[in-house]
Amino acid sequence: MGQKVLLKGNEAMAEAAVQAGCRFFAGYPITPQNEVPEYLSWRLPQAGGVFVQAESEVAAINMVFGAAAGGARCMTSSSSPGISLKQEGISYIAAAELPCVIANMQRGGPGLGNIRASQGDYFQAVKGGGHGDYRLIVLGPAYVQELYDLTMHAFDWADLYRNPVMILGDGILGQIAEPLDIRPYRPIAELPAKDFALTGCAGRASRVVKTLILQPADGLVHHNEYLQQKYRRIEEELSLYEEYETEDAEILIAAYGMSGRIAKGAVRRARQKGIKAGLIRPITLWPFPKEPFRRAAERVSRILVVEMSSGQFVEDVQLASECRVPVEFFGKGGGWYPLDTEILEIVESMQANPSVWATRKD
Amino acid sequence: MSKNNVDIHFDAHRCKGCGLCVIFCPCGNIRMSDALNEQGHPYAELIDADRCTGCGLCFRMCPDTAIEIRSNKTAKR
Amino acid sequence: MATFTRPRTLKETITHYCPGCGHGIVHRLLAEVIDELGIREKTIGTAPVGCAVMMYDYIDCDMIECAHGRAPAAATGLKRVHPDKIVFTYQGDGDLAAIGTAETIHTANRGENITVIFINNVIYGMTGGQMAPTTMLGQRTTTTPEGRGMHGEGGPIHVCELLRSLEGVCYLERTAVSSPSDVLATRRAIRKAFECQIAGKGFSLVEVLSMCPTDWKLSPDKAVKFVNHEMKTVFPVGVYKDK
């Protein structure tokens, strides 16, 4: 057991990065993630690292591109509009297979939107976001402790798979303060040597980090095939989720991140009322944990997806449950969040009027 | 080695025929070939090896490192 | 024994550059300076987007290929995690003074201890001759068929003059590669810029006026005259800052 402190999610994530050996951070201020650069501006130098306040999110992600190519553990963070600006750099980093961590403390969109919490960047995070066929490993923590722990793992997975990892949080998770166990960093696996790192070519042949593949004519096709093989391997090896009261559940709620946390409260209330509700809360959003949904679809009568967006995550739930059971949706975009009592009402009405709810998805 | 102790080598294979060496040769001692190299470019060739002073201006202007010079003269690069 | 031979840092690979293009000359000068300073094994370069995107096929040191205009940001990341290494960017006018203007100015302003080799050929080469931020007034390009105009397109950006006022900048020089003496001046400037970095003085930049015969639709001999008689009038060569 380490030291117990009260920290905001943003600060906890920043501290976890430092503990995990992150020694370079570049970012640009944007609400609601400002505590990350503010914390790291003093904490990283203290740990012998470098903090740079960049001139833009575009510059920040490209600084991370450079630092990652240099072999350093590195990170950037932002919130929705800023993450859109980073997409160019993220595509290059994924193409060059450089390890780094990118945090998105989502806010309401589209456009400048607002600064309330949202889950409207799900598609952008898990389906690619930038140009070309690539994937990020995407993590959706719901608690400050989980955010802290996953941030440490994020650096390991980035190194292990030579792939950028995105922490997909939201404004609530970034701002909420919770007691935190400052656990020391322990690598989750033996990590590969960074034989790609640009460190000057003393005693070895010179190295190139690049993403342009013109020759041979099918070189880029082969590179894509190779990347896809890597992504399949990650899909096989990485799947994290929380199952709560699913064993005998008739109504299954699917939700991730902050809405998953709220939904858990609704399941607890439903159980108190004798309704057999359960929850699957994916923690890895890419790879999407398909297996628990496939299994659940064989047992439950209906699935309710709760999401702080107009409906993105719901599509992955439908795919994972192979449309074997009706999938209902409760969500709104624009910086809205559900109350557990609202979710409970819907669960109760689903229980009482199965046919009504079953047709609502049309 | 030439009369001036200059060993100058024009690599027809590397040359793209831009002619910058021809323009800047102070002795007017470089010309373009009539023939083409495998890339389809005419290539620079020395007219008279004994007239070359090894000054290196052609080397400096050559974008393709198609000219190399070794001489006993002391020229500044 | 005076020798004029290919420097160690310049690979033997024949470049993809057009006949009479200035990139080949600047690549050789860069390689000569790296050899002369004995820094090849501690140098990390960044390649731009543009004609020089594949310069890592020609320069034999660690290199990273950056997104268009972002080389100064990537170089910042590299230099900050490897302060003991020598980091340079090599960028064209579109890369440095259009899409990457913000990165250029702020990297200079932070006084990042890196060296920038800036190739100004007043045109977009790789994409086929469109207007560059440095295209001169009246100059015809594929996107300014009537010549660049002050109203609508604006005038050419003078990078050395623009950066001169920034505190973090330690060395700025504009040179050319359109004659043997210009080539020698460029070589001296590149060396000076690297020496500034080695001494830890901050941001150094050498702007090289360079030929693009293909997109100027000029023969290589007319292209050097274009640099000497027209470009140098608009972009005077010389040292713009040395502190």
# chains A, B, ... in the order shown; residues from 1 in each chain; ligands from 1
$ closest_atom_pairs --of "chain B" --to "chain C" --cutoff "12 Å" --atoms "only C-alpha atoms" --output "JSON lines"
{"residue": "B:Asn5", "atom": "CA", "partner": "C:Met1", "partner_atom": "CA", "distance": 9.7}
{"residue": "B:Val6", "atom": "CA", "partner": "C:Ala2", "partner_atom": "CA", "distance": 9.4}
{"residue": "B:Asp7", "atom": "CA", "partner": "C:Thr3", "partner_atom": "CA", "distance": 9.2}
{"residue": "B:Ile8", "atom": "CA", "partner": "C:Phe4", "partner_atom": "CA", "distance": 9.1}
{"residue": "B:His9", "atom": "CA", "partner": "C:Thr5", "partner_atom": "CA", "distance": 9.9}
{"residue": "B:Phe10", "atom": "CA", "partner": "C:Thr5", "partner_atom": "CA", "distance": 11.4}
{"residue": "B:Asp11", "atom": "CA", "partner": "C:Ile14", "partner_atom": "CA", "distance": 11.3}
{"residue": "B:Ala12", "atom": "CA", "partner": "C:Ile14", "partner_atom": "CA", "distance": 11.8}
{"residue": "B:His13", "atom": "CA", "partner": "C:Ile14", "partner_atom": "CA", "distance": 9.1}
{"residue": "B:Arg14", "atom": "CA", "partner": "C:Ile14", "partner_atom": "CA", "distance": 6.3}
{"residue": "B:Cys15", "atom": "CA", "partner": "C:Pro19", "partner_atom": "CA", "distance": 8.5}
{"residue": "B:Lys16", "atom": "CA", "partner": "C:Pro19", "partner_atom": "CA", "distance": 5.3}
{"residue": "B:Gly17", "atom": "CA", "partner": "C:Pro19", "partner_atom": "CA", "distance": 6.5}
{"residue": "B:Cys18", "atom": "CA", "partner": "C:Pro19", "partner_atom": "CA", "distance": 4.8}
{"residue": "B:Gly19", "atom": "CA", "partner": "C:Pro220", "partner_atom": "CA", "distance": 7.1}
{"residue": "B:Leu20", "atom": "CA", "partner": "C:Asp221", "partner_atom": "CA", "distance": 6.5}
{"residue": "B:Cys21", "atom": "CA", "partner": "C:Pro180", "partner_atom": "CA", "distance": 9.9}
{"residue": "B:Val22", "atom": "CA", "partner": "C:Asp221", "partner_atom": "CA", "distance": 9.4}
{"residue": "B:Ile23", "atom": "CA", "partner": "C:Asp221", "partner_atom": "CA", "distance": 7.1}
{"residue": "B:Phe24", "atom": "CA", "partner": "C:Ser179", "partner_atom": "CA", "distance": 7.5}
{"residue": "B:Cys25", "atom": "CA", "partner": "C:Pro180", "partner_atom": "CA", "distance": 9.9}
{"residue": "B:Pro26", "atom": "CA", "partner": "C:Pro180", "partner_atom": "CA", "distance": 10.8}
{"residue": "B:Gln39", "atom": "CA", "partner": "C:Ile14", "partner_atom": "CA", "distance": 10.9}
{"residue": "B:Gly40", "atom": "CA", "partner": "C:Pro19", "partner_atom": "CA", "distance": 11.6}
{"residue": "B:His41", "atom": "CA", "partner": "C:Pro19", "partner_atom": "CA", "distance": 9.0}
{"residue": "B:Pro42", "atom": "CA", "partner": "C:Pro19", "partner_atom": "CA", "distance": 10.7}
{"residue": "B:Tyr43", "atom": "CA", "partner": "C:Pro19", "partner_atom": "CA", "distance": 10.9}
{"residue": "B:Thr53", "atom": "CA", "partner": "C:Ala2", "partner_atom": "CA", "distance": 11.4}
{"residue": "B:Gly54", "atom": "CA", "partner": "C:Ala2", "partner_atom": "CA", "distance": 8.4}
{"residue": "B:Cys55", "atom": "CA", "partner": "C:Ala2", "partner_atom": "CA", "distance": 9.1}
{"residue": "B:Gly56", "atom": "CA", "partner": "C:Phe4", "partner_atom": "CA", "distance": 6.6}
{"residue": "B:Leu57", "atom": "CA", "partner": "C:Pro180", "partner_atom": "CA", "distance": 5.9}
{"residue": "B:Cys58", "atom": "CA", "partner": "C:Pro180", "partner_atom": "CA", "distance": 8.2}
{"residue": "B:Phe59", "atom": "CA", "partner": "C:Phe4", "partner_atom": "CA", "distance": 6.6}
{"residue": "B:Arg60", "atom": "CA", "partner": "C:Pro180", "partner_atom": "CA", "distance": 6.1}
{"residue": "B:Met61", "atom": "CA", "partner": "C:Pro180", "partner_atom": "CA", "distance": 6.2}
{"residue": "B:Cys62", "atom": "CA", "partner": "C:Ile25", "partner_atom": "CA", "distance": 6.5}
{"residue": "B:Pro63", "atom": "CA", "partner": "C:Gly24", "partner_atom": "CA", "distance": 4.1}
{"residue": "B:Asp64", "atom": "CA", "partner": "C:Gly24", "partner_atom": "CA", "distance": 5.8}
{"residue": "B:Thr65", "atom": "CA", "partner": "C:Arg6", "partner_atom": "CA", "distance": 6.3}
{"residue": "B:Ala66", "atom": "CA", "partner": "C:Arg6", "partner_atom": "CA", "distance": 8.9}
{"residue": "B:Ile67", "atom": "CA", "partner": "C:Thr5", "partner_atom": "CA", "distance": 7.7}
{"residue": "B:Glu68", "atom": "CA", "partner": "C:Thr5", "partner_atom": "CA", "distance": 4.9}
{"residue": "B:Ile69", "atom": "CA", "partner": "C:Phe4", "partner_atom": "CA", "distance": 4.9}
{"residue": "B:Arg70", "atom": "CA", "partner": "C:Thr3", "partner_atom": "CA", "distance": 4.4}
{"residue": "B:Ser71", "atom": "CA", "partner": "C:Ala2", "partner_atom": "CA", "distance": 5.4}
{"residue": "B:Asn72", "atom": "CA", "partner": "C:Met1", "partner_atom": "CA", "distance": 4.3}
{"residue": "B:Lys73", "atom": "CA", "partner": "C:Ala2", "partner_atom": "CA", "distance": 6.0}
{"residue": "B:Thr74", "atom": "CA", "partner": "C:Ala2", "partner_atom": "CA", "distance": 5.3}
{"residue": "B:Ala75", "atom": "CA", "partner": "C:Ala2", "partner_atom": "CA", "distance": 5.7}
{"residue": "B:Lys76", "atom": "CA", "partner": "C:Ala2", "partner_atom": "CA", "distance": 7.5}
{"residue": "B:Arg77", "atom": "CA", "partner": "C:Phe4", "partner_atom": "CA", "distance": 7.4}
$ write_last_selection --atoms "C-alpha atoms" --output "short mmCIF file (atom, residue, chain, number, x, y, z; two decimals), in the first residue's frame"
data_model
loop_
_atom_site.label_atom_id
_atom_site.label_comp_id
_atom_site.auth_asym_id
_atom_site.auth_seq_id
_atom_site.Cartn_x
_atom_site.Cartn_y
_atom_site.Cartn_z
CA ASN B 5 49.14 16.86 -61.28
CA VAL B 6 45.36 16.90 -61.25
CA ASP B 7 43.39 13.69 -61.09
CA ILE B 8 39.84 14.65 -62.07
CA HIS B 9 37.07 12.14 -62.54
CA PHE B 10 33.68 12.74 -64.15
CA ASP B 11 31.15 10.05 -63.32
CA ALA B 12 28.91 9.82 -66.39
CA HIS B 13 26.61 7.46 -64.48
CA ARG B 14 25.81 10.06 -61.77
CA CYS B 15 25.65 13.09 -64.06
CA LYS B 16 22.23 14.58 -64.87
CA GLY B 17 23.56 16.95 -67.49
CA CYS B 18 22.58 20.20 -65.76
CA GLY B 19 25.73 21.86 -67.09
CA LEU B 20 26.49 23.99 -64.02
CA CYS B 21 30.09 22.76 -64.18
CA VAL B 22 30.29 23.85 -67.82
CA ILE B 23 29.07 27.36 -66.92
CA PHE B 24 31.41 27.85 -63.98
CA CYS B 25 34.61 26.21 -65.26
CA PRO B 26 37.02 29.16 -65.39
CA GLN B 39 19.29 7.76 -67.29
CA GLY B 40 18.93 9.52 -70.63
CA HIS B 41 21.02 12.55 -69.65
CA PRO B 42 23.94 14.01 -71.58
CA TYR B 43 26.92 14.03 -69.25
CA THR B 53 43.99 23.34 -62.83
CA GLY B 54 42.07 21.37 -60.22
CA CYS B 55 40.46 24.53 -58.82
CA GLY B 56 37.36 22.57 -57.74
CA LEU B 57 34.70 25.04 -58.85
CA CYS B 58 32.97 22.31 -60.88
CA PHE B 59 32.89 20.09 -57.80
CA ARG B 60 31.38 22.89 -55.74
CA MET B 61 28.61 23.54 -58.23
CA CYS B 62 27.81 19.92 -59.02
CA PRO B 63 24.50 18.97 -57.35
CA ASP B 64 25.11 15.27 -57.98
CA THR B 65 28.65 14.69 -56.70
CA ALA B 66 29.48 13.46 -60.20
CA ILE B 67 32.91 15.08 -60.14
CA GLU B 68 35.79 14.20 -57.85
CA ILE B 69 39.20 15.81 -57.92
CA ARG B 70 42.49 14.90 -56.35
CA SER B 71 45.39 17.22 -57.04
CA ASN B 72 48.76 18.19 -55.65
CA LYS B 73 47.79 21.85 -55.71
CA THR B 74 46.65 23.51 -52.56
CA ALA B 75 43.18 24.74 -53.25
CA LYS B 76 40.76 25.84 -50.56
CA ARG B 77 37.49 24.02 -50.53
#
$ closest_atom_pairs --of "segment 72-143 of chain A" --to "segment 305-310 of chain A" --cutoff "7 Å" --atoms "only C-alpha atoms" --output "Markdown table"
| residue | atom | partner | partner_atom | distance |
| --- | --- | --- | --- | --- |
| A:Ser118 | CA | A:Met308 | CA | 5.3 |
| A:Gln119 | CA | A:Met308 | CA | 4.9 |
| A:Gly120 | CA | A:Ser309 | CA | 4.9 |
$ select_by_dssp --residues "chain B" --states "helix (DSSP H, G or I)" --output "ChimeraX atom specification"
/B:20-24,49-51,57-61
$ write_last_selection --atoms "N, CA and C atoms" --output "tab-separated table (two decimals), in the first residue's frame"
chain	number	residue	atom	x	y	z
B	20	LEU	N	25.98	22.93	-64.90
B	20	LEU	CA	26.49	23.99	-64.02
B	20	LEU	C	28.01	24.01	-64.02
B	21	CYS	N	28.62	22.82	-64.14
B	21	CYS	CA	30.09	22.76	-64.18
B	21	CYS	C	30.63	23.42	-65.45
B	22	VAL	N	29.88	23.24	-66.55
B	22	VAL	CA	30.29	23.85	-67.82
B	22	VAL	C	30.29	25.37	-67.68
B	23	ILE	N	29.20	25.90	-67.06
B	23	ILE	CA	29.07	27.36	-66.92
B	23	ILE	C	30.19	27.94	-66.06
B	24	PHE	N	30.51	27.24	-64.97
B	24	PHE	CA	31.41	27.85	-63.98
B	24	PHE	C	32.87	27.44	-64.13
B	49	ALA	N	42.49	17.26	-70.30
B	49	ALA	CA	42.94	16.98	-68.92
B	49	ALA	C	44.13	17.85	-68.53
B	50	ASP	N	45.00	18.13	-69.46
B	50	ASP	CA	46.20	18.90	-69.14
B	50	ASP	C	45.91	20.37	-68.86
B	51	ARG	N	44.72	20.84	-69.30
B	51	ARG	CA	44.39	22.25	-69.04
B	51	ARG	C	43.69	22.43	-67.69
B	57	LEU	N	35.97	24.32	-58.72
B	57	LEU	CA	34.70	25.04	-58.85
B	57	LEU	C	33.60	24.13	-59.40
B	58	CYS	N	33.97	23.23	-60.31
B	58	CYS	CA	32.97	22.31	-60.88
B	58	CYS	C	32.43	21.39	-59.78
B	59	PHE	N	33.31	20.94	-58.91
B	59	PHE	CA	32.89	20.09	-57.80
B	59	PHE	C	31.90	20.83	-56.91
B	60	ARG	N	32.24	22.10	-56.63
B	60	ARG	CA	31.38	22.89	-55.74
B	60	ARG	C	30.00	23.08	-56.31
B	61	MET	N	29.92	23.25	-57.61
B	61	MET	CA	28.61	23.54	-58.23
B	61	MET	C	27.84	22.27	-58.57
$ residues_around --residues "Tyr241 of chain A" --least-positions-apart "3" --cutoff "6 Å" --atoms "only C-alpha atoms" --output "PyMOL selection string"
chain A and resi 281-283
$ select_by_dssp --residues "chain B" --states "strand (DSSP E or B)" --output "PyMOL selection string"
chain B and resi 6-10+30-36+42-46+67-71
$ interface_residues --of "chain A" --to "chain C" --cutoff "7 Å" --atoms "only C-alpha atoms" --output "ChimeraX atom specification"
/A:50,55,59,62-67,70,72,198,200-202,206-210
$ residues_around --residues "Arg191 of chain C" --least-positions-apart "4" --cutoff "12 Å" --atoms "only C-alpha atoms" --output "list in words"
Leu29, Leu30, Ala31, Glu32, Val33, Ile34, Asp35, Glu36, Leu37, Gly38, Ile39, Thr115, Val116, Ile117, Tyr171, Glu173, Leu184, Ala185, Thr186, Arg187, Glu195, Cys196, Gln197, Ile198, Ser204, Leu205 and Val206 of chain C
$ write_last_selection --atoms "C-alpha atoms" --output "short mmCIF file (atom, residue, chain, number, x, y, z; two decimals), in the first residue's frame"
data_model
loop_
_atom_site.label_atom_id
_atom_site.label_comp_id
_atom_site.auth_asym_id
_atom_site.auth_seq_id
_atom_site.Cartn_x
_atom_site.Cartn_y
_atom_site.Cartn_z
CA LEU C 29 27.56 21.11 -47.99
CA LEU C 30 25.59 19.84 -45.01
CA ALA C 31 27.44 16.52 -45.18
CA GLU C 32 30.79 18.29 -45.50
CA VAL C 33 30.12 20.40 -42.42
CA ILE C 34 28.94 17.39 -40.41
CA ASP C 35 32.14 15.57 -41.38
CA GLU C 36 34.33 18.57 -40.66
CA LEU C 37 32.84 19.03 -37.19
CA GLY C 38 33.04 15.29 -36.56
CA ILE C 39 29.41 15.12 -35.40
CA THR C 115 19.87 24.33 -36.54
CA VAL C 116 17.48 24.95 -39.41
CA ILE C 117 18.54 24.66 -43.04
CA TYR C 171 22.21 33.19 -35.81
CA GLU C 173 22.11 34.17 -42.50
CA LEU C 184 31.35 28.66 -50.22
CA ALA C 185 29.36 31.25 -48.27
CA THR C 186 26.59 28.73 -47.69
CA ARG C 187 29.11 26.22 -46.43
CA GLU C 195 28.83 25.79 -34.18
CA CYS C 196 26.18 27.97 -32.52
CA GLN C 197 24.27 24.83 -31.58
CA ILE C 198 27.39 23.08 -30.31
CA SER C 204 20.21 29.11 -35.73
CA LEU C 205 18.90 29.23 -39.28
CA VAL C 206 20.51 29.43 -42.71
#
$ atom_distance --atom1 "atom CA of Ile172 of chain A" --atom2 "atom CA of His131 of chain A"
29.2 Å
$ atom_distance --atom1 "atom CA of Thr151 of chain A" --atom2 "atom CA of Pro45 of chain A"
19.3 Å
$ residues_around --residues "Thr142 of chain C" --least-positions-apart "4" --cutoff "10 Å" --atoms "only C-alpha atoms" --output "NGL selection string"
:C and (123-124 or 128-131 or 146-147 or 215)
$ residues_around --residues "segment 207-212 of chain C" --least-positions-apart "6" --cutoff "6 Å" --atoms "only C-alpha atoms" --output "ChimeraX atom specification"
/C:21-22,118-121,174-177,223
$ residues_around --residues "Met150 of chain C" --least-positions-apart "6" --cutoff "9 Å" --atoms "only C-alpha atoms" --output "list in words"
Leu137, Gly138 and Pro156 of chain C
